[in-house]
Each structure stands twice: as structure tokens, then as C-alpha cells.
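Visitor: This is the structure I want to talk about, given as C-alpha cells.
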Amino acid sequence: MKKSVISVMIMATIAINVKAQSLPVYLDNSKPVEQRVEDALQRMTLNEKIRVIHAQSKFSSAGVPRLGFPDFWTDDGPHGVRPDVLWDEWEQAGQSNDSCIAFPALTCLAASWSPDMARLYGESLGEEARYRKKDMILAPGVNIYRTPLNGRNFEYMGEDPYLSSNIAVPYIQGLQSKGVSACVKHFAMNNDEENRQQVNVIISDRALHEIYLPAFKAAVTEGKAWAVMGAYNLYRNEHNCHNQWLLNDILKKDWKFDGVVVSDWGGTHDTDEAVKNGLDMEFGTGTDGLYSGLSNAYDAYYLANPYLKGIKEGKYSMQSLDEKVRRVLRLYYRTTMNPNRPQGFLCSDAHYEAARKIAENGIVLLKNEGNVLPVKADKATKILVVGEDAIKMMTVGGGSSSLKVQHEISPLAGIKARFANVSFERGYVGDTTGNYNGVTTGQNLADNRTSAQLIQDAVAKAKEADYVIFFGGLNKSDYQDCEGHDRKSYSLPYDQDKVIEALAKANKNFVYVNISGNAVAMPWLPKVPAVVQGWFIGSEAGTALAAVLSGDVNPSGKLPFTWPAVLNDVPAHRLNTYPGVWRADHKIIDEEYKEGIYVGYRWVDKEHTHPLFAFGHGLSYTAFKLSNLRLSSKNMTSTGKIEFTVNVKNTGKCDGAETVQLYIHDDKASVDRPYKELKGFQKIFLKAGESADVKIAIDNSALSFYDEQGKAWKSEPGSFTALVGNASDNLPLKASFELK
């Protein structure tokens with residue numbers, strides 16, 4: 001009996017070994033990926049190679065069925081998995097199984113100042129994408145917040161390259177840990193939406209490398225992103241989806257990027273440039289047919305039949321094609337051909353908890369005069385909620401990040417669930433529509449009252465209430481926080497200023513909650529005691545906002561951008577560089593970044609402007625004391641590090657989290673440098689009365705600037721000052737050290 005069992009086991013082992021040995025190299029999981037890539041490449045026909053480098057539908061590219069490579073499916077992020085669309089249309093496919101969880105917008109994630117939240121975000125999104133059988137999520141967005149009018153700022157991570165880098169990297173790592181490729185976008189300088197296909201950015205090399213590229217570089221070199229998406233705009237008169245300097249020189253040569261460059265949808269314009277200037281996969285080119293009479297318009301893509309024809313005629317080399325296909329095959333082995341990809345989950349309790357937790361970490365308490373917040377309420381306390389943004393669904397609209405959610409808890413619903421005595425007044429009427437690409441909210445937001453009547457009705461109730469909470473700001477309609485257009489004004493839309501003024505006068509316990517991904521003008525700020533930045537925070541919006549307003553959760557978010565008092569305090573507007581100047585032929589807009597490296601708080605320090613709220617600002621319901629700054633050494637070499645230690649104590653009466661921020665000042669430099677730059681941060685949770693040390697280390701990169709003459713990063717020996725605090729305008733601790 002035992003001999004029979006042993007014989008069977010031996011025969012089974014031999015069979016497995018024979019089977020493994022008989023597998024072609026490209027299908028043998030035991031072989032190195034690069035060996036498998038080369039084997040597959042040699043087996044592919046010319047038509048198969050062309051087939052895999054361009055789309056076959058709105059969101060997919062073809063595989064190689066003959067060799068067992070499945071089709072490759074992308075989908076929009078960055079805040080959730082977009083509902084499926086028809087094969088060749090933007091309209092929804094009408095499926096019943098493609099709802100999702102909406103996670104907070106990336107501005108909120110950046111405001112958490114928490115790499116842990118970013119990792120959780122990426123992992124949760126990756127699990128949702130896996131369940132929906134998506135191989136790539138078009139995310140994250142890491143473009144810099146240059147003007148508060150940019151309609152797409154809510155999809156990005158603020159003004160500072162260091163903060164953006166340190167939030168983007170764990171997001172990417174979390175997403176790709178689930179076997180789903182990130183596609184970092186939009187590379188690069190996609191800093192405004194209006195006329196985005198025509199904007200040619202004119203910028204110094206130093207500003208490019210110090211401000212606009214670091215988050216992309218970190219995504220590639222640290223996050224190991226598997227894909228990067230080109231931007232619509234131009235740089236050096238070349239479209240960024242096929243740009244020699246950005247894609248070949250910087251991304252692939254300098255940063256050693258081994259992944260795939262994907263065009264933005266419709267961002268490809270020329271076969272020659274696409275072939276030579278770094279594009280690997282073409283998506284979204286107009287499918288009405290570049291040529292007439294084609295049965296499949298996708299064959300007319302710039303990297304389809306025109307490329308094939310050029311190769312056959314000897315215009316293009318097979319070497320150029322093989323390099324693109326090699327990158328695509330590498331992407332396959334990381335995703336569709338990876339047998340160890342984990343399973344996905346959709347709309348799980350854990351994902352809702354993640355969405356809520358990220359939102360709570362990112363909500364920012366901007367002002368709290370007289371400790372109006374948290375709301376102190378019992379069953380008899382009357383709370384009046386006012387504002388369209390308290391009831392309007394914010395997950396539908398805004399462009400490509402529009403979602404079809406399983407559910408979305410509105411601010412009003414969240415507050416009603418938390419407090420006993422809540423009433424509502426509209427206050428203003430804004431955008432009553434609720435649909436995008438076939439997804440509809442189902443809400444009827446019509447209200448026929450005049451503006452005066454709406455204010456009168458709200459004020460009447462406000463006088464009788466114990467608290468008034470106004471939800472206003474922007475929405476995801478055109479010319480607000482929305483892809484494709486920029487805002488037309490820095491002011492609040494729909495005459496909200498009038499409503500706010502009237503309510504603040506009617507009730508001293510007035511709280512303004514701003515729902516947006518952008519800063520807005522607040523001319524009434526001195527009259528309003530409490531202000532909260534509520535962002536667009538997705539499925540659990542109402543639950544998270546109610547938790548913060550009630551004090552169940554102590555707010556700990558910090559602004560990821562400077563909040564200017566007036567638009568003219570923003571350098572892009574002060575220097576009249578935005579939105580650029582049309583050329584004589586009216587085909588291209590030249591937009592010169594005259595402010596150079598002076599974006600956000602760097603400009604504030606240089607020009608001594610007075611923003612409403614500083615970069616890194618965010619209050620708490622408790623108080624923290626930072627003290628006893630210590631250095632591991634007073635001297636640092638170019639290959640060494642210095643560790644800064646600071647004691648943080650929660651001196652208040654409730655538990656909470658504080659973010660220690662470390663900025664570096666170069667005491668004397670051969671070039672013009674910002675007064676300070678963020679080079680380290682750490683968020684720490686402390687119970688009331690608890691204290692702990694926070695340690696932040698820096699290396700030579702924190703002291704370096706981009707040398708335009710040497711075309712490299714450079715640091716100069718000399719003295720530096722570390723500035724430590726909890727906001728860019730509150731840095732009480734200082735320590736000097738030397739770079740030897």
C-alpha cells in the first residue's frame with residue numbers, strides 16, 4: 001500500500017516537472033520576467049505587435065489570443081472605479097454590477113498628511129478594481145496646485161512637491177500590491193484645464209525640476225509605478241503625450257522608467273512624434289475614423305495602420321516598435337499574466353470604513369473662534385442646516401472621476417443621524433442637474449423660490465436655532481471643480497456670500513463648511529466664527545463630517561495648499577501669466593511660468609503676502625506643544641543624514657493628532673532660493689496629556705537645488721537652519737547645522 005502511494009507521488013512529480021519543462025519560456029512563471037518578455041516578443045507577428053500598442057475600445061487594448069495574452073482593461077480613477085461605458089461611447093453601458101465606493105478626492109487625502117492613509121487608499125481602490133476586472137487605474141494625479149481656478153485641482157495633491165511625493169508613493173504601492181497598475185498623471189505641467197490641448201508651457205529648467213517633476217519622479221523611482229500618462233498640454237512646442245524631453249530624456253533615460261507611457265484620451269496627434277518621442281500605448285484618439293471606409297476606426301490610430309505602413313515602407317525601424325511592445329509585455333506580466341494577483345472585493349465594509357477614516361483624517365478645521373465647535377448638543381438643541389451642498393450628491397460629475405456609487409451619505413443625512421433635532425433650509429439654488437455620461441443622481445433639486453425668499457426663510461429659522469451649519473462652496477459642475485474648464489471667478493457661486501452674511505448676523509453659533517477641492521474667496525471671514533474645509537469626500541461624506549462637527553472625531557487635517565485672500569495674491573495671476581497668450585494663428589497658447597519656483601508658500605515668503613490660511617494650517621479641538629528640538633549632529637556630509645527630534649505634548653483635554661512639519665532654510669546660497677521648503681513631516685496621535693518624541697531625518701537631497709548649468713541637483717557647503725512647527729506660518733523651533 002505504501003509503495004503504491006510512493007509510486008503515484010513519484011509519477012506525479014515527474015509529470016509536473018515534464019509539464020514545466022515543456023512550457024514555452026514566456027508562459028513559465030519560474031523564469032525571470034525579462035526572459036519571458038524577450039521570448040514572447042520573438043514569437044509575436046508584426047500585426048500582433050501593432051495590435052497591443054493602441055486601444056480597441058474606449059478603455060481597453062487588445063491582447064494576443066494566439067499566445068494566451070488576454071485583453072488589457074483600464075478605467076478611470078482616482079477616487080473610485082468608474083462605471084463601465086459602452087464599447088465605443090462615453091455613455092454608460094447600463095450595467096447593474098458596476099457601482100463602487102467613492103473615496104475622498106485626492107486633495108482630501110493630501111490634507112491628511114498621512115502616508116498610512118495613502119497606502120490604505122491605494123489598497124482599497126486596488127481591491128475594488130480587481131473585483132471589477134480592471135488591470136490599470138488611471139491614477140493618481142500629482143500635478144501642482146498653481147492657481148485656485150484650475151478645475152481639476154480636486155484630483156491632485158496640492159502645491160508642494162515634497163508633500164505630493166510622499167502621499168503619491170504609498171498610494172501607488174498600495175494599488176499595485178493588488179496587481180493593478182497605477183497610471184500616474186498628467187505628465188507634466190497640466191496645471192489648468194481651459195484650452196488644455198493648446199497650452200504650451202514656457203518654464204525654466206529649475207522650476208520644472210524643483211516644483212513640477214518631483215512627485216512624478218518619486219512615483220517612478222520610489223513608487224515603481226508601472227505606467228505614466230502624458231498630459232494634453234505642450235512643452236517646448238511638443239505635445240506631452242509624445243515629447244522628446246519629458247518622455248525620452250527625463251522619464252526613460254534619466255529616471256530609468258521601465259513601464260508604459262500611455263497617452264491621455266485624445267492626446268496623440270502625430271505618428272512620427274508618437275513613434276520617436278516616447279509614447280508606448282495610444283488611447284482615446286477620435287474613433288470617428290482618421291480615414292474613411294474603415295470597418296474598425298481603431299485601426300486608424302496613429303500607432304495602428306499608419307505605423308504599420310511606415311514599418312513596411314522602411315520609414316520606421318522594428319527596433320522602435322519592439323521597445324514599445326517590450327514595455328507592454330512587461331506590464332502584462334505585472335498584471336494580467338501574474339498568477340499571484342490577489343482577489344478583489346467590491347463595496348465591502350472595510351472599504352467604507354477606509355473611505356470614512358481617510359475623510360476624517362483630511363477634513364481641516366480652518367477657524368474656531370470662541371470654540372463654537374464641536375457642536376454641544378442634547379435632544380433639545382436646535383440645529384439648522386442650510387445650503388444646497390448639504391443635500392447635493394457630489395460623486396456624480398466633475399469629469400472623468402465621476403462615479404456611480406452604491407450609496408452616498410449627504411452632509412444633511414449624516415447630521416440627522418448624529419443629532420436629534422435637525423431642520424433644513426435651502427438658502428440658495430445652484431445646479432439642480434445631476435447626471436454625467438448617463439449616470440444620474442435621481443435627485444430632484446428644483447426650488448422655485450426667489451433668492452430673496454430663500455435667504456429670508458433661512459434667516460427666520462436661524463434666529464430660532466441654537467446652531468446654524470451652512471454647507472456651501474463649489475460643486476462638480478462646469479466652470480467649478482470640473483475637468484475640461486477652469487473656474488471663471490475666485491468668488492463663491494450662486495450668491496452664497498449674501499446667504500452667509502445674513503446667517504452670520506442672525507446667529508452667533510454659525511459654522512461654515514466649505515465643500516470644494518479649491519480655495520475660495522471669503523470676504524465675510526471676520527464675521528464667521530467657525531470654518532471647516534470639507535472637500536469632496538465621497539460615499540461616507542455625511543458620516544465623516546458629522547463626526548468632526550460633533551467632536552466624535554478630532555479634526556487633524558492640514559491644508560495642502562496656500563489659501564489666498566484674493567486672487568491677485570497668487571503669482572500666476574499677479575504676474576499675468578495665467579491663462580497665457582494666444583499666438584497669431586490662434587492655434588497655440590503660450591503660458592509662461594514667470595514665477596518660477598515661487599509657488600504657494602514660497603511666494604508668500606518672498607512677497608510677504610497675507611493668505612487667509614497658510615499652507616500646512618489646520619486646527620484641533622485640543623492643543624499641542626512642540627518643544628526640545630534636538631539634532632543627531634551639527635554637521636552633515638553629502639552622503640550622510642541628520643535626524644531631528646522634537647517633543648510633542650497634547651496639552652488639551654481631548655485626544656487628537658498633530659502633524660510636525662520640518663522646513664529647511666539655506667542661510668547663504670549662490671542662487672536665489674525660497675526662504676524655506678518643506679523637507680519632512682510626521683503625523684502623531686496623542687491622548688490628552690500624553691507626550692512623545694517625533695523623529696524626522698533628512699539627507700543631502702533636502703539641501704539641494706537644481707543647477708541649470710550643470711543640469712543636475714546640487715548642494716553647497718555652508719550653514720542651514722531647520723524650522724519646525726505645525727504650519728508654514730507657525731514654526732517656533734529652530735536649529736542650525738552645517739553641510740561639510
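Each chain of the C-alpha cells is named A, B, ... in the order shown, its residues numbered from 1; ligands are numbered from 1 in display order.
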Enumerate as a PyMOL selection string all residues of segment 609-667 of chain A assigned to strand (DSSP E or B) by DSSP on the backbone, naming them with the chain letters and numbers the document uses.
Guide: chain A and resi 613+619+624-631+635-636+641-650+656-666
Visitor: For the contact check between segment 341-381 of chain A and segment 155-175 of chain A, emit one row per residue of segment 341-381 of chain A within 12 Å, containing the shortest atom pair and the distance in Å rounded to one decimal, counting only C-alpha atoms, chain then rising number order, as JSON lines.
Guide:
{"residue": "A:Arg341", "atom": "CA", "partner": "A:Leu175", "partner_atom": "CA", "distance": 11.7}
{"residue": "A:Pro342", "atom": "CA", "partner": "A:Leu175", "partner_atom": "CA", "distance": 11.4}
{"residue": "A:Gly344", "atom": "CA", "partner": "A:Leu175", "partner_atom": "CA", "distance": 11.5}
{"residue": "A:Gly362", "atom": "CA", "partner": "A:Met157", "partner_atom": "CA", "distance": 11.7}
Visitor: Just write the chosen residues, N, CA and C atoms, as a compact mmCIF listing (two decimals), in the first residue's frame.
Guide:
# COMPACT_ATOMS: atom_id res chain seq x y z
N ARG A 341 -1.92 37.41 -8.47
CA ARG A 341 -2.70 38.60 -8.11
C ARG A 341 -3.76 38.24 -7.08
N PRO A 342 -3.89 39.06 -6.03
CA PRO A 342 -4.90 38.77 -5.01
C PRO A 342 -6.31 38.99 -5.53
N GLY A 344 -10.20 40.42 -5.54
CA GLY A 344 -10.76 41.74 -5.28
C GLY A 344 -12.01 41.69 -4.43
N GLY A 362 -8.61 63.95 6.73
CA GLY A 362 -8.32 65.05 5.82
C GLY A 362 -9.14 66.31 6.02
Visitor: Restricting the calculation to only C-alpha atoms: of A:Glu193, A:Glu738, A:Glu658, A:Glu483, which residue gets closest to Thr147 of chain A?
Guide: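 Selected residue with least distance to Thr147 of chain A: A:Glu193.
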Visitor: Which residues, written as an MDAnalysis selection string, have at least one atom at most 12 Å from Tyr621 of chain A, with only C-alpha atoms counted and residues fewer than 3 positions away on the same chain left out?
Guide: chainID A and resid 364:375 548:557 618 624 650:658 688
Visitor: With N, CA, C and O atoms kept, could you save the residues just selected as a short mmCIF file (atom, residue, chain, number, x, y, z; two decimals), in the first residue's frame?
Guide:
data_model
loop_
_atom_site.label_atom_id
_atom_site.label_comp_id
_atom_site.auth_asym_id
_atom_site.auth_seq_id
_atom_site.Cartn_x
_atom_site.Cartn_y
_atom_site.Cartn_z
N VAL A 364 -10.31 69.67 7.41
CA VAL A 364 -9.47 70.69 8.04
C VAL A 364 -10.34 71.70 8.80
O VAL A 364 -11.26 72.29 8.22
N LEU A 365 -10.03 71.88 10.06
CA LEU A 365 -10.65 72.95 10.85
C LEU A 365 -9.84 74.22 10.63
O LEU A 365 -8.71 74.34 11.11
N LEU A 366 -10.39 75.16 9.86
CA LEU A 366 -9.67 76.36 9.48
C LEU A 366 -9.75 77.46 10.53
O LEU A 366 -8.79 78.19 10.76
N LYS A 367 -10.92 77.58 11.16
CA LYS A 367 -11.13 78.65 12.14
C LYS A 367 -12.11 78.16 13.19
O LYS A 367 -13.06 77.45 12.87
N ASN A 368 -11.88 78.55 14.45
CA ASN A 368 -12.80 78.13 15.52
C ASN A 368 -12.78 79.16 16.64
O ASN A 368 -12.38 78.87 17.77
N GLU A 369 -13.20 80.34 16.31
CA GLU A 369 -13.22 81.46 17.26
C GLU A 369 -14.29 81.23 18.32
O GLU A 369 -15.45 80.95 18.01
N GLY A 370 -13.88 81.34 19.58
CA GLY A 370 -14.84 81.15 20.67
C GLY A 370 -15.23 79.70 20.89
O GLY A 370 -16.20 79.42 21.60
N ASN A 371 -14.49 78.79 20.28
CA ASN A 371 -14.77 77.35 20.44
C ASN A 371 -16.22 77.01 20.14
O ASN A 371 -16.88 76.26 20.88
N VAL A 372 -16.71 77.56 19.04
CA VAL A 372 -18.07 77.21 18.59
C VAL A 372 -18.17 75.72 18.32
O VAL A 372 -19.18 75.08 18.59
N LEU A 373 -17.11 75.17 17.77
CA LEU A 373 -17.05 73.73 17.53
C LEU A 373 -16.20 73.07 18.61
O LEU A 373 -15.26 73.68 19.13
N PRO A 374 -16.47 71.82 18.95
CA PRO A 374 -17.53 70.99 18.38
C PRO A 374 -18.92 71.39 18.87
O PRO A 374 -19.05 72.05 19.91
N VAL A 375 -19.93 70.99 18.10
CA VAL A 375 -21.31 71.29 18.46
C VAL A 375 -21.65 70.59 19.77
O VAL A 375 -21.46 69.38 19.89
N VAL A 548 -16.80 64.93 12.76
CA VAL A 548 -15.90 66.04 13.07
C VAL A 548 -16.67 67.19 13.71
O VAL A 548 -16.22 67.77 14.71
N LEU A 549 -17.82 67.54 13.18
CA LEU A 549 -18.58 68.66 13.72
C LEU A 549 -19.07 68.38 15.14
O LEU A 549 -19.18 69.30 15.96
N SER A 550 -19.37 67.13 15.44
CA SER A 550 -19.86 66.77 16.77
C SER A 550 -18.74 66.59 17.79
O SER A 550 -19.00 66.57 18.99
N GLY A 551 -17.51 66.41 17.29
CA GLY A 551 -16.40 66.15 18.19
C GLY A 551 -16.15 64.68 18.43
O GLY A 551 -15.25 64.32 19.20
N ASP A 552 -16.94 63.81 17.81
CA ASP A 552 -16.66 62.38 17.92
C ASP A 552 -15.28 62.07 17.34
O ASP A 552 -14.61 61.12 17.77
N VAL A 553 -14.88 62.86 16.35
CA VAL A 553 -13.55 62.78 15.77
C VAL A 553 -12.91 64.15 15.87
O VAL A 553 -13.53 65.16 15.52
N ASN A 554 -11.70 64.20 16.38
CA ASN A 554 -10.97 65.47 16.49
C ASN A 554 -10.32 65.77 15.14
O ASN A 554 -9.53 64.96 14.65
N PRO A 555 -10.63 66.90 14.51
CA PRO A 555 -10.04 67.18 13.19
C PRO A 555 -8.52 67.27 13.27
O PRO A 555 -7.96 67.81 14.21
N SER A 556 -7.87 66.73 12.22
CA SER A 556 -6.41 66.74 12.20
C SER A 556 -5.84 67.05 10.83
O SER A 556 -4.63 66.97 10.62
N GLY A 557 -6.70 67.41 9.86
CA GLY A 557 -6.22 67.73 8.52
C GLY A 557 -5.43 69.03 8.50
O GLY A 557 -5.62 69.92 9.34
N GLY A 618 -4.01 73.95 10.06
CA GLY A 618 -5.14 73.14 10.44
C GLY A 618 -5.25 73.09 11.96
O GLY A 618 -4.27 72.79 12.64
N PHE A 624 -1.56 71.44 21.27
CA PHE A 624 -0.29 70.72 21.27
C PHE A 624 0.85 71.68 21.51
O PHE A 624 0.83 72.83 21.05
N ASN A 650 0.32 66.70 23.98
CA ASN A 650 -1.09 67.08 23.90
C ASN A 650 -1.45 67.74 25.22
O ASN A 650 -1.63 67.07 26.24
N THR A 651 -1.53 69.06 25.22
CA THR A 651 -1.78 69.82 26.44
C THR A 651 -3.25 70.10 26.68
O THR A 651 -3.62 70.76 27.65
N GLY A 652 -4.11 69.60 25.76
CA GLY A 652 -5.54 69.85 25.88
C GLY A 652 -6.27 68.76 26.64
O GLY A 652 -5.66 67.93 27.32
N LYS A 653 -7.61 68.77 26.46
CA LYS A 653 -8.45 67.87 27.24
C LYS A 653 -9.02 66.71 26.43
O LYS A 653 -9.81 65.92 26.95
N CYS A 654 -8.67 66.62 25.15
CA CYS A 654 -9.18 65.50 24.36
C CYS A 654 -8.07 64.92 23.49
O CYS A 654 -7.08 65.58 23.21
N ASP A 655 -8.24 63.69 23.09
CA ASP A 655 -7.27 63.02 22.25
C ASP A 655 -7.26 63.65 20.86
O ASP A 655 -8.28 64.18 20.39
N GLY A 656 -6.12 63.56 20.19
CA GLY A 656 -6.05 64.14 18.85
C GLY A 656 -4.71 63.87 18.19
O GLY A 656 -3.80 63.29 18.80
N ALA A 657 -4.61 64.29 16.95
CA ALA A 657 -3.39 64.08 16.16
C ALA A 657 -2.82 65.41 15.72
O ALA A 657 -3.56 66.34 15.38
N GLU A 658 -1.51 65.50 15.71
CA GLU A 658 -0.80 66.69 15.25
C GLU A 658 0.21 66.28 14.19
O GLU A 658 0.74 65.16 14.22
N ALA A 688 -4.98 62.83 25.50
CA ALA A 688 -4.91 64.05 26.31
C ALA A 688 -3.85 63.89 27.39
O ALA A 688 -3.83 62.89 28.11
#
Visitor: Select, from A:Phe59, A:Tyr301, A:Phe470, A:Phe510, the residue with the minimum atom-to-atom distance to Val85 of chain A, counting only C-alpha atoms.
Guide: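 Of all the options, A:Phe59 lies closest to Val85 of chain A.
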Visitor: Do you know which residues are at most 8 Å from Met281 of chain A counting only C-alpha atoms, after dropping those on the same chain fewer than 4 positions away, and could you put them as a tab-separated table (two decimals) with N, CA, C and O atoms, in the first residue's frame?
Guide:
chain	number	residue	atom	x	y	z
A	52	VAL	N	-1.10	45.48	-29.88
A	52	VAL	CA	-1.08	45.68	-28.42
A	52	VAL	C	-0.70	47.10	-28.00
A	52	VAL	O	-0.73	47.40	-26.80
A	53	ILE	N	-0.35	47.97	-28.95
A	53	ILE	CA	0.10	49.30	-28.54
A	53	ILE	C	-0.93	50.40	-28.79
A	53	ILE	O	-0.62	51.57	-28.70
A	54	HIS	N	-2.17	50.00	-29.07
A	54	HIS	CA	-3.23	51.00	-29.19
A	54	HIS	C	-4.55	50.40	-28.73
A	54	HIS	O	-4.70	49.18	-28.60
A	55	ALA	N	-5.51	51.25	-28.47
A	55	ALA	CA	-6.81	50.82	-27.93
A	55	ALA	C	-7.60	50.01	-28.94
A	55	ALA	O	-7.40	50.11	-30.15
A	260	VAL	N	5.17	51.68	-18.96
A	260	VAL	CA	4.49	52.07	-20.18
A	260	VAL	C	4.06	53.53	-20.11
A	260	VAL	O	3.51	53.97	-19.10
A	261	VAL	N	4.31	54.28	-21.19
A	261	VAL	CA	3.76	55.63	-21.33
A	261	VAL	C	2.45	55.52	-22.09
A	261	VAL	O	2.41	55.04	-23.23
A	262	VAL	N	1.38	55.96	-21.44
A	262	VAL	CA	0.03	55.91	-22.01
A	262	VAL	C	-0.38	57.32	-22.41
A	262	VAL	O	-0.14	58.27	-21.67
A	263	SER	N	-0.99	57.45	-23.57
A	263	SER	CA	-1.49	58.77	-23.95
A	263	SER	C	-2.74	59.09	-23.15
A	263	SER	O	-3.51	58.18	-22.79
A	303	LEU	N	-0.78	54.99	-33.94
A	303	LEU	CA	0.12	53.86	-33.71
A	303	LEU	C	-0.47	52.55	-34.23
A	303	LEU	O	-0.05	51.46	-33.82
A	324	LYS	N	8.57	49.48	-27.64
A	324	LYS	CA	7.22	49.75	-27.12
A	324	LYS	C	6.54	48.46	-26.67
A	324	LYS	O	5.96	48.38	-25.58
A	328	VAL	N	5.02	46.97	-23.01
A	328	VAL	CA	3.65	46.49	-22.85
A	328	VAL	C	3.65	45.07	-22.30
A	328	VAL	O	2.86	44.73	-21.40
Visitor: Please identify all polymer residues within 7 Å of Cys100 of chain A, counting only C-alpha atoms, omitting same-chain residues fewer than 6 positions from it, and present them as a list in words.
Guide: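 Answer for this query is Gly80, Val81, Leu346, Cys347, Lys404, Val405 and Gln406 of chain A.
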Visitor: Which is closer to Leu213 of chain A than all the others in A:Ala722, A:Ala355, A:Met393, A:Met189, using only C-alpha atoms?
Guide: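 For Leu213 of chain A, the nearest of the candidates is A:Met189.
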